[in-house]
$ cat structure-v8.cif   # mmCIF, C-alpha atoms
data_model
loop_
_atom_site.label_atom_id
_atom_site.label_comp_id
_atom_site.auth_asym_id
_atom_site.auth_seq_id
_atom_site.Cartn_x
_atom_site.Cartn_y
_atom_site.Cartn_z
CA MET A 1 -9.54 -8.09 10.08
CA SER A 2 -9.80 -7.99 13.88
CA PRO A 3 -8.09 -5.12 15.71
CA LEU A 4 -4.39 -5.55 16.36
CA ARG A 5 -2.00 -3.81 18.68
CA VAL A 6 1.73 -3.17 18.43
CA GLN A 7 3.82 -2.84 21.56
CA GLN A 8 7.45 -2.66 22.57
CA VAL A 9 8.58 -5.77 24.47
CA SER A 10 11.75 -7.11 26.07
CA HIS A 11 13.45 -10.12 24.56
CA ALA A 12 13.64 -11.79 27.96
CA GLU A 13 9.88 -11.69 28.44
CA ALA A 14 8.68 -12.20 24.85
CA HIS A 15 11.39 -14.32 23.22
CA VAL A 16 9.04 -17.26 22.64
CA ALA A 17 6.56 -15.11 20.67
CA ILE A 18 9.32 -13.25 18.81
CA HIS A 19 11.08 -16.38 17.64
CA ASP A 20 7.84 -18.14 16.77
CA VAL A 21 7.01 -15.44 14.21
CA ARG A 22 10.56 -15.26 12.88
CA GLN A 23 10.83 -19.05 12.59
CA ARG A 24 7.61 -19.25 10.58
CA VAL A 25 8.52 -16.40 8.23
CA PHE A 26 12.29 -16.67 7.77
CA VAL A 27 12.94 -20.38 8.20
CA GLN A 28 9.74 -22.12 7.11
CA GLU A 29 8.59 -19.65 4.43
CA GLN A 30 11.84 -18.16 3.08
CA GLY A 31 14.12 -21.13 3.66
CA ILE A 32 16.75 -19.24 5.66
CA ASP A 33 19.07 -21.34 7.82
CA ALA A 34 17.54 -21.66 11.28
CA HIS A 35 20.89 -20.73 12.87
CA LEU A 36 20.71 -17.29 11.23
CA GLU A 37 17.32 -16.44 12.73
CA ARG A 38 18.87 -15.82 16.18
CA ASP A 39 22.05 -14.05 17.16
CA ALA A 40 23.86 -12.54 20.16
CA LEU A 41 22.27 -9.12 19.56
CA ASP A 42 18.73 -10.25 20.39
CA PRO A 43 19.00 -9.69 24.19
CA VAL A 44 20.28 -6.10 23.79
CA CYS A 45 17.86 -4.98 21.04
CA ALA A 46 14.58 -3.14 21.41
CA HIS A 47 11.82 -5.41 20.09
CA VAL A 48 8.26 -4.72 18.94
CA LEU A 49 5.47 -7.26 18.64
CA ALA A 50 2.14 -7.15 16.81
CA LEU A 51 -0.65 -9.09 18.51
CA ASP A 52 -4.06 -10.02 17.14
CA ALA A 53 -7.34 -9.61 19.04
CA ASP A 54 -6.68 -12.88 20.87
CA GLY A 55 -3.19 -11.81 21.93
CA GLN A 56 -1.46 -14.11 19.44
CA PRO A 57 1.81 -12.81 17.89
CA VAL A 58 1.54 -12.05 14.17
CA GLY A 59 4.49 -9.71 13.52
CA THR A 60 7.76 -8.56 14.99
CA GLY A 61 10.85 -6.41 14.42
CA ARG A 62 13.89 -5.22 16.33
CA LEU A 63 16.16 -2.20 16.74
CA ALA A 64 19.84 -2.75 17.56
CA PRO A 65 21.82 -0.31 19.75
CA ASP A 66 23.63 1.03 16.66
CA GLY A 67 20.31 2.02 15.05
CA ARG A 68 19.92 -0.92 12.71
CA ILE A 69 16.38 -2.17 12.19
CA GLY A 70 16.05 -5.83 11.36
CA ARG A 71 14.21 -9.11 11.69
CA MET A 72 11.02 -7.48 10.36
CA ALA A 73 8.49 -10.27 9.89
CA VAL A 74 4.70 -10.49 9.51
CA LEU A 75 2.84 -13.79 9.15
CA ALA A 76 1.61 -14.35 5.60
CA ALA A 77 -2.09 -14.32 6.50
CA TYR A 78 -1.76 -10.88 8.08
CA ARG A 79 0.11 -9.03 5.34
CA GLY A 80 -1.46 -6.17 3.45
CA HIS A 81 -3.23 -4.73 6.47
CA GLY A 82 -0.69 -2.12 7.62
CA ILE A 83 0.95 -4.27 10.30
CA GLY A 84 4.43 -3.94 8.86
CA GLU A 85 4.05 -0.16 8.73
CA ALA A 86 2.84 -0.08 12.34
CA LEU A 87 5.83 -2.19 13.42
CA LEU A 88 8.25 0.09 11.59
CA GLU A 89 6.71 3.25 13.04
CA ALA A 90 7.01 1.71 16.53
CA LEU A 91 10.70 1.02 15.91
CA VAL A 92 11.24 4.59 14.68
CA GLN A 93 9.60 5.85 17.86
CA ALA A 94 11.86 3.57 19.91
CA GLY A 95 14.84 5.07 18.11
CA ARG A 96 13.69 8.58 18.97
CA GLN A 97 13.27 7.61 22.62
CA LEU A 98 16.81 6.25 22.65
CA GLY A 99 18.11 9.53 21.19
CA LEU A 100 19.49 7.94 18.02
CA ALA A 101 20.44 10.32 15.23
CA GLU A 102 19.54 7.93 12.43
CA LEU A 103 18.25 4.45 11.67
CA HIS A 104 19.41 2.06 8.98
CA LEU A 105 18.39 -1.33 7.66
CA HIS A 106 19.01 -3.96 5.02
CA ALA A 107 15.81 -4.20 2.99
CA GLN A 108 15.00 -7.26 0.92
CA LEU A 109 14.67 -5.96 -2.63
CA PRO A 110 10.90 -6.54 -2.97
CA ALA A 111 10.42 -4.49 0.23
CA ARG A 112 12.32 -1.37 -0.86
CA ASP A 113 9.20 0.59 -1.74
CA PHE A 114 7.66 -0.31 1.63
CA TYR A 115 10.61 1.17 3.53
CA ALA A 116 10.80 4.16 1.17
CA ARG A 117 7.19 5.07 1.99
CA LEU A 118 8.26 5.42 5.63
CA GLY A 119 11.18 7.75 4.82
CA PHE A 120 14.10 5.35 4.40
CA LEU A 121 16.41 6.32 1.52
CA PRO A 122 18.43 3.82 -0.52
CA GLU A 123 22.22 4.06 -0.47
CA GLY A 124 24.98 2.09 -2.12
CA PRO A 125 24.74 -0.94 -4.41
CA GLN A 126 22.53 -3.96 -3.92
CA PHE A 127 24.06 -6.97 -2.17
CA GLU A 128 23.23 -10.49 -1.00
CA GLU A 129 22.55 -11.45 2.60
CA ALA A 130 21.56 -15.02 3.56
CA GLY A 131 21.25 -15.71 -0.15
CA ILE A 132 18.63 -12.96 -0.69
CA GLY A 133 19.11 -9.64 -2.53
CA HIS A 134 19.14 -6.58 -0.24
CA GLN A 135 19.46 -2.79 -0.33
CA GLN A 136 20.97 -0.64 2.42
CA MET A 137 18.52 2.11 3.45
CA ARG A 138 18.77 4.93 5.98
CA ARG A 139 16.52 7.46 7.71
CA ARG A 140 17.83 10.44 9.67
CA LEU A 141 15.78 11.35 12.73
CA GLN A 142 17.17 14.72 13.76
CA ALA A 143 18.74 16.31 10.68
CA VAL A 144 18.34 17.09 6.99
CA SER A 145 19.38 14.49 4.40
CA ALA A 146 21.06 15.26 1.09
CA ILE A 147 19.34 13.93 -2.03
CA ASP A 148 21.92 13.08 -4.68
CA SER A 149 20.38 10.43 -6.95
CA ARG A 150 17.17 9.68 -8.78
CA ALA A 151 16.57 6.64 -6.55
CA GLU A 152 16.76 8.86 -3.46
CA ALA A 153 14.55 11.51 -5.11
CA VAL A 154 11.87 8.94 -5.95
CA ALA A 155 12.05 7.47 -2.44
CA ILE A 156 11.69 10.79 -0.59
CA THR A 157 8.93 11.98 -2.94
CA THR A 158 7.03 8.75 -2.33
CA ALA A 159 7.52 9.08 1.44
CA ILE A 160 6.29 12.69 1.63
CA ILE A 161 3.13 11.88 -0.32
CA HIS A 162 2.48 8.65 1.60
CA ARG A 163 2.99 10.27 5.01
CA ALA A 164 0.76 13.31 4.33
CA HIS A 165 -2.30 13.58 6.54
CA ARG A 166 -4.58 16.05 4.79
CA ARG A 167 -2.47 18.49 2.79
CA LEU A 168 0.34 18.37 0.24
CA TRP A 169 2.13 21.28 -1.40
CA LEU A 170 3.97 20.89 -4.71
CA HIS A 171 5.91 23.67 -6.43
CA SER A 172 7.25 22.38 -9.75
CA ARG A 173 7.88 24.37 -12.91
CA GLN A 174 6.62 21.65 -15.27
CA LEU A 175 5.60 18.69 -13.05
CA ASP A 176 9.02 17.00 -13.02
CA PRO A 177 8.90 14.37 -15.79
CA GLY A 178 10.87 11.34 -14.65
CA LEU A 179 10.06 11.93 -10.98
CA LEU A 180 6.34 12.50 -10.49
CA ASP A 181 5.54 9.79 -13.04
CA ALA A 182 7.63 7.12 -11.25
CA PRO A 183 5.38 4.13 -10.40
CA SER A 184 5.80 4.38 -6.62
CA VAL A 185 5.12 8.12 -6.70
CA GLN A 186 2.02 7.64 -8.84
CA ALA A 187 0.73 4.93 -6.49
CA ALA A 188 1.23 7.21 -3.49
CA LEU A 189 -0.52 10.11 -5.25
CA ARG A 190 -3.53 8.00 -6.21
CA ARG A 191 -3.81 6.71 -2.67
CA PHE A 192 -3.60 10.22 -1.22
CA VAL A 193 -6.18 11.85 -3.45
CA THR A 194 -8.71 9.01 -3.35
CA ALA A 195 -8.47 7.71 0.25
CA ARG A 196 -10.57 10.43 1.91
CA HIS A 197 -12.63 13.44 0.88
CA ASP A 198 -10.97 15.98 3.18
CA LYS A 199 -7.55 15.95 1.49
CA GLN A 200 -6.00 18.67 -0.62
CA LEU A 201 -3.06 18.81 -3.02
CA ARG A 202 -2.02 22.33 -4.01
CA VAL A 203 0.17 22.50 -7.11
CA ILE A 204 2.05 25.63 -8.21
CA VAL A 205 3.47 25.61 -11.75
CA HIS A 206 5.18 28.13 -14.03
CA ASP A 207 3.95 27.21 -17.50
CA ALA A 208 0.47 25.71 -17.59
CA ALA A 209 0.36 25.79 -21.39
CA ALA A 210 3.52 23.68 -21.72
CA ILE A 211 2.19 21.23 -19.15
CA ALA A 212 -1.11 20.97 -21.00
CA SER A 213 0.72 20.30 -24.25
CA ALA A 214 3.01 17.65 -22.77
CA GLY A 215 0.37 15.93 -20.66
CA ALA A 216 1.08 14.29 -17.30
CA PRO A 217 -0.52 11.63 -15.10
CA LEU A 218 -1.20 14.25 -12.43
CA LEU A 219 -3.38 16.20 -14.88
CA ALA A 220 -5.64 13.19 -15.41
CA LEU A 221 -6.10 12.93 -11.65
CA PHE A 222 -6.79 16.67 -11.53
CA GLN A 223 -9.59 16.35 -14.06
CA ARG A 224 -11.18 13.53 -12.06
CA LEU A 225 -10.76 15.19 -8.65
CA PRO A 226 -10.67 19.00 -9.09
CA SER A 227 -11.94 19.51 -5.54
CA VAL A 228 -8.92 17.63 -4.15
CA ILE A 229 -6.18 18.79 -6.56
CA GLN A 230 -5.86 22.51 -7.19
CA PHE A 231 -3.54 24.07 -9.78
CA ARG A 232 -2.26 27.63 -9.87
CA GLU A 233 0.25 29.29 -12.20
CA VAL A 234 2.65 31.91 -10.85
CA ALA A 235 1.83 35.43 -11.98
CA ASP A 236 4.11 37.75 -10.01
CA PRO A 237 7.42 38.49 -11.82
CA ILE A 238 9.38 37.68 -8.65
CA ASP A 239 7.70 34.29 -8.41
CA ARG A 240 8.21 33.59 -12.11
CA ALA A 241 11.95 34.10 -11.57
CA MET A 242 12.08 31.38 -8.88
CA ALA A 243 14.24 28.48 -10.03
CA SER A 244 13.57 26.21 -7.06
CA ALA A 245 11.13 23.34 -6.55
CA CYS A 246 9.57 22.01 -3.35
CA LEU A 247 7.32 19.23 -2.09
CA LEU A 248 6.05 19.18 1.48
CA ASN A 249 3.23 17.82 3.60
CA ASP A 250 1.51 18.50 6.92
CA ALA A 251 3.56 15.86 8.76
CA GLY A 252 6.72 17.98 8.86
CA ASP A 253 8.34 16.39 5.78
CA PHE A 254 9.90 18.30 2.87
CA TYR A 255 12.07 17.92 -0.23
CA PHE A 256 13.59 21.18 -1.51
CA ARG A 257 15.65 21.69 -4.67
CA LEU A 258 17.38 25.00 -5.16
CA ILE A 259 17.63 24.32 -8.90
CA GLY A 260 14.25 22.92 -9.80
CA HIS A 261 15.14 21.11 -13.02
CA ARG A 262 17.68 19.00 -11.11
CA LEU A 263 16.87 16.30 -8.56
CA ASP A 264 19.66 16.99 -6.05
CA GLY A 265 18.49 18.85 -2.98
CA GLU A 266 17.76 18.42 0.72
CA SER A 267 14.99 16.67 2.59
CA ALA A 268 13.76 15.79 6.06
CA ILE A 269 11.16 13.55 7.64
CA ALA A 270 9.16 14.76 10.67
CA LEU A 271 11.06 18.03 11.14
CA PRO A 272 8.25 20.63 11.21
CA ALA A 273 10.54 23.43 12.35
CA ARG A 274 12.48 23.06 9.09
CA SER A 275 9.45 22.54 6.83
CA GLN A 276 7.29 25.42 8.11
CA PRO A 277 9.30 28.23 6.45
CA PHE A 278 8.93 26.45 3.10
CA GLU A 279 5.17 26.12 3.64
CA GLN A 280 4.86 29.80 4.55
CA GLN A 281 6.72 30.76 1.37
CA LEU A 282 4.52 28.52 -0.78
CA GLN A 283 1.39 29.99 0.79
CA ARG A 284 2.53 33.50 -0.19
CA VAL A 285 3.25 32.38 -3.75
CA TRP A 286 -0.11 30.58 -3.89
CA ASP A 287 -1.97 33.71 -2.83
CA ARG A 288 -0.32 35.71 -5.62
CA SER A 289 -0.86 33.09 -8.34
CA ARG A 290 -3.78 32.57 -10.72
CA GLU A 291 -6.10 29.56 -10.91
CA CYS A 292 -5.45 27.31 -13.93
CA SER A 293 -9.06 26.66 -14.88
CA GLU A 294 -8.04 25.83 -18.47
CA LEU A 295 -6.40 22.62 -17.27
CA ARG A 296 -9.77 21.20 -16.26
CA ALA A 297 -10.77 20.34 -19.85
CA LEU A 298 -7.74 18.82 -21.53
CA GLY A 299 -9.53 15.73 -22.75
CA ILE A 300 -6.75 13.46 -21.54
#

$ encode --input "structure-v8.cif" --output "structure tokens"
Amino acid sequence: MSPLRVQQVSHAEAHVAIHDVRQRVFVQEQGIDAHLERDALDPVCAHVLALDADGQPVGTGRLAPDGRIGRMAVLAAYRGHGIGEALLEALVQAGRQLGLAELHLHAQLPARDFYARLGFLPEGPQFEEAGIGHQQMRRRLQAVSAIDSRAEAVAITTAIIHRAHRRLWLHSRQLDPGLLDAPSVQAALRRFVTARHDKQLRVIVHDAAAIASAGAPLLALFQRLPSVIQFREVADPIDRAMASACLLNDAGDFYFRLIGHRLDGESAIALPARSQPFEQQLQRVWDRSRECSELRALGI
């Protein structure tokens, strides 16, 4: 696909392009009432527009003054090429520039995993809006978020893996059955470890023998890509007594659980000052731990 660019625009100057994309996606494709495509908020929102190599609009989205992201739309022929993610990242950046503490949105149900990959956590029950099922989702920009449910745990785990640049750290006593094997988490892991050759996932576990006996999808990836995924088992008595679990990346994201066998904990997206102490601690534990070479030949 030809190069595209995403830029922030004013509604006054770009309203024709904005509404052209929204009309084609929401009204013509999804069958939403044309009167619902526009509202009184449009003139006061921050808008972003994706343009193709010829300067033609192919995607758009908006950020309301209260931090709500909405009207996300990409033309059908241009989906699957990262345009939606680029639009969302541009809206997050706009929110930071405006000094907003958090952003929220109503995600159409099929798009929940898309928003989760960018750090938006689900909250509350599903509901209908314009006759379509939706989920409220939220991302804090300047503070830590509490993780209280499995849905939130899966979402933040997916986001941290998806947003990693070159390095991921995982400290998990027995590879968190029910979390690391969730479909969206597995998809993010496969993408991370296979996309480029300069990536590294460092995994610290407490009982390699139990993990080998139980089996796990991550072990199969480890056997295929031992240069990308590295396993170590804690050896120091102090480390063996640790009850916590942690996942973090090199983008300033983390998910920490004080009690590792439970999913409730705290997390943050793009807060390197909060994630660095966790990384420093994991590096010390890593240096004291032993390599799990026996996991390379499980025959899974």

$ residues_around --input "structure-v8.cif" --residues "A:Ala188" --least-positions-apart "2" --cutoff "7 Å" --atoms "only C-alpha atoms" --output "PyMOL selection string"
chain A and resi 158+161-162+184-186+190-192

$ resolve_selection --input "structure-v8.cif" --expression "the PyMOL selection byres ((chain A and resi 129) around 12)" --output "list in words"
Ile32, Asp33, Leu36, His106, Ala107, Gln108, Leu109, Gln126, Phe127, Glu128, Ala130, Gly131, Ile132, Gly133, His134, Gln135 and Gln136 of chain A

$ resolve_selection --input "structure-v8.cif" --expression "the PyMOL selection byres ((chain A and resi 157) around 12)" --output "ChimeraX atom specification"
/A:113,116-121,147,150-156,158-164,168-170,176,178-189,246-249,253-257,263,265-269

$ resolve_selection --input "structure-v8.cif" --expression "the PyMOL selection byres ((chain A and resi 172) around 9)" --output "ChimeraX atom specification"
/A:170-171,173-176,203-206,244-247,260-261

$ write_last_selection --input "structure-v8.cif" --atoms "C-alpha atoms" --output "tab-separated table (two decimals), in the frame of the given file"
chain	number	residue	atom	x	y	z
A	170	LEU	CA	3.97	20.89	-4.71
A	171	HIS	CA	5.91	23.67	-6.43
A	173	ARG	CA	7.88	24.37	-12.91
A	174	GLN	CA	6.62	21.65	-15.27
A	175	LEU	CA	5.60	18.69	-13.05
A	176	ASP	CA	9.02	17.00	-13.02
A	203	VAL	CA	0.17	22.50	-7.11
A	204	ILE	CA	2.05	25.63	-8.21
A	205	VAL	CA	3.47	25.61	-11.75
A	206	HIS	CA	5.18	28.13	-14.03
A	244	SER	CA	13.57	26.21	-7.06
A	245	ALA	CA	11.13	23.34	-6.55
A	246	CYS	CA	9.57	22.01	-3.35
A	247	LEU	CA	7.32	19.23	-2.09
A	260	GLY	CA	14.25	22.92	-9.80
A	261	HIS	CA	15.14	21.11	-13.02

$ residues_around --input "structure-v8.cif" --residues "A:Cys292" --least-positions-apart "5" --cutoff "9 Å" --atoms "all atoms listed in the file" --output "PyMOL selection string"
chain A and resi 208+230-233

$ closest_residue --input "structure-v8.cif" --among "A:Leu91, A:Val74, A:Ala235, A:Leu271" --to "A:Asp287" --atoms "all atoms listed in the file"
A:Ala235

$ atom_distance --input "structure-v8.cif" --atom1 "atom CA of A:Ala216" --atom2 "atom CA of A:Arg290"
20.0 Å

$ closest_residue --input "structure-v8.cif" --among "A:Val144, A:Arg62, A:Ala195, A:Leu201" --to "A:Pro272" --atoms "only C-alpha atoms"
A:Val144

$ atom_distance --input "structure-v8.cif" --atom1 "atom CA of A:Ala146" --atom2 "atom CA of A:Leu258"
12.1 Å

$ atom_distance --input "structure-v8.cif" --atom1 "atom CA of A:Pro122" --atom2 "atom CA of A:Ala101"
17.2 Å

$ closest_residue --input "structure-v8.cif" --among "A:Arg79, A:Arg262, A:Arg68, A:His11" --to "A:Val25" --atoms "only C-alpha atoms"
A:Arg79

$ closest_residue --input "structure-v8.cif" --among "A:His19, A:Arg5, A:His47, A:Arg274" --to "A:His35" --atoms "all atoms listed in the file"
A:His19

$ closest_residue --input "structure-v8.cif" --among "A:Ala76, A:Leu88, A:Ala143, A:Ala64" --to "A:Leu41" --atoms "all atoms listed in the file"
A:Ala64

$ closest_residue --input "structure-v8.cif" --among "A:Pro237, A:Pro226, A:Pro43, A:Gly31" --to "A:Arg288" --atoms "only C-alpha atoms"
A:Pro237

$ axis_aligned_box --input "structure-v8.cif" --around "stretch 151-158 of chain A" --padding-each-side "4 Å" --output "JSON"
{"center_x": 11.9, "center_y": 9.3, "center_z": -3.6, "size_x": 17.7, "size_y": 13.3, "size_z": 14.0}

$ decode --input "structure-v8.cif" --residues "stretch 173-275 of chain A" --atoms "C-alpha atoms" --output "short mmCIF file (atom, residue, chain, number, x, y, z; two decimals), in the first residue's frame"
data_model
loop_
_atom_site.label_atom_id
_atom_site.label_comp_id
_atom_site.auth_asym_id
_atom_site.auth_seq_id
_atom_site.Cartn_x
_atom_site.Cartn_y
_atom_site.Cartn_z
CA ARG A 173 5.70 -18.47 38.88
CA GLN A 174 4.04 -20.96 36.50
CA LEU A 175 3.17 -18.99 33.32
CA ASP A 176 -0.29 -17.87 34.47
CA PRO A 177 -2.74 -20.41 33.01
CA GLY A 178 -5.91 -18.59 32.01
CA LEU A 179 -4.06 -15.36 31.24
CA LEU A 180 -1.06 -16.01 29.00
CA ASP A 181 -3.06 -18.54 26.98
CA ALA A 182 -5.90 -16.09 26.22
CA PRO A 183 -6.30 -15.78 22.41
CA SER A 184 -5.49 -12.06 22.22
CA VAL A 185 -2.41 -12.52 24.41
CA GLN A 186 -1.21 -15.46 22.32
CA ALA A 187 -1.69 -13.46 19.11
CA ALA A 188 0.32 -10.56 20.55
CA LEU A 189 3.09 -12.91 21.70
CA ARG A 190 3.38 -14.60 18.32
CA ARG A 191 3.52 -11.24 16.59
CA PHE A 192 6.21 -9.97 18.97
CA VAL A 193 8.54 -12.95 18.74
CA THR A 194 8.23 -13.45 14.98
CA ALA A 195 8.04 -9.88 13.60
CA ARG A 196 11.76 -9.05 13.80
CA HIS A 197 15.00 -10.79 14.69
CA ASP A 198 16.25 -8.24 17.23
CA LYS A 199 13.54 -8.85 19.84
CA GLN A 200 13.91 -10.54 23.19
CA LEU A 201 11.47 -11.98 25.73
CA ARG A 202 13.02 -12.79 29.10
CA VAL A 203 10.92 -15.12 31.26
CA ILE A 204 11.61 -15.77 34.96
CA VAL A 205 9.79 -18.73 36.52
CA HIS A 206 9.87 -20.54 39.88
CA ASP A 207 9.20 -24.16 38.99
CA ALA A 208 10.43 -25.19 35.55
CA ALA A 209 9.64 -28.86 36.19
CA ALA A 210 5.97 -28.13 36.92
CA ILE A 211 5.75 -25.94 33.83
CA ALA A 212 7.32 -28.67 31.71
CA SER A 213 4.84 -31.20 33.05
CA ALA A 214 1.80 -28.98 32.50
CA GLY A 215 2.86 -27.65 29.10
CA ALA A 216 2.05 -24.15 27.85
CA PRO A 217 1.77 -22.39 24.48
CA LEU A 218 4.72 -20.18 25.41
CA LEU A 219 6.96 -23.26 25.72
CA ALA A 220 6.20 -24.27 22.14
CA LEU A 221 7.25 -20.80 20.98
CA PHE A 222 10.37 -21.08 23.13
CA GLN A 223 11.39 -24.31 21.42
CA ARG A 224 10.95 -22.72 18.00
CA LEU A 225 12.67 -19.43 18.87
CA PRO A 226 15.18 -20.01 21.70
CA SER A 227 17.26 -17.03 20.57
CA VAL A 228 14.26 -14.72 21.08
CA ILE A 229 12.67 -16.27 24.18
CA GLN A 230 14.93 -16.97 27.15
CA PHE A 231 13.85 -18.84 30.29
CA ARG A 232 15.49 -18.74 33.70
CA GLU A 233 14.42 -20.30 37.00
CA VAL A 234 14.99 -18.44 40.26
CA ALA A 235 17.75 -19.94 42.38
CA ASP A 236 18.35 -17.51 45.25
CA PRO A 237 16.23 -18.31 48.36
CA ILE A 238 15.13 -14.66 48.58
CA ASP A 239 13.91 -14.75 44.98
CA ARG A 240 12.18 -18.09 45.48
CA ALA A 241 10.18 -16.50 48.31
CA MET A 242 8.82 -13.76 46.01
CA ALA A 243 5.06 -14.07 45.65
CA SER A 244 4.63 -11.31 43.06
CA ALA A 245 4.35 -11.39 39.27
CA CYS A 246 5.23 -8.74 36.71
CA LEU A 247 5.08 -8.05 32.98
CA LEU A 248 6.75 -5.01 31.45
CA ASN A 249 8.19 -3.75 28.19
CA ASP A 250 10.63 -1.13 26.92
CA ALA A 251 7.84 1.37 26.14
CA GLY A 252 7.26 2.29 29.79
CA ASP A 253 4.32 -0.10 30.31
CA PHE A 254 3.92 -2.51 33.23
CA TYR A 255 1.45 -4.81 34.99
CA PHE A 256 2.42 -5.76 38.55
CA ARG A 257 0.64 -8.19 40.88
CA LEU A 258 1.70 -8.32 44.49
CA ILE A 259 0.14 -11.78 44.83
CA GLY A 260 1.19 -13.56 41.68
CA HIS A 261 -1.46 -16.28 41.57
CA ARG A 262 -4.18 -13.60 41.48
CA LEU A 263 -4.92 -11.26 38.57
CA ASP A 264 -5.68 -8.08 40.55
CA GLY A 265 -2.84 -5.59 40.52
CA GLU A 266 -1.76 -2.26 39.08
CA SER A 267 -0.69 -1.20 35.61
CA ALA A 268 0.35 1.80 33.55
CA ILE A 269 0.89 2.65 29.91
CA ALA A 270 3.81 4.90 28.87
CA LEU A 271 4.97 5.74 32.40
CA PRO A 272 8.68 4.84 32.30
CA ALA A 273 9.42 6.46 35.65
CA ARG A 274 7.07 3.94 37.29
CA SER A 275 8.17 0.92 35.24
#
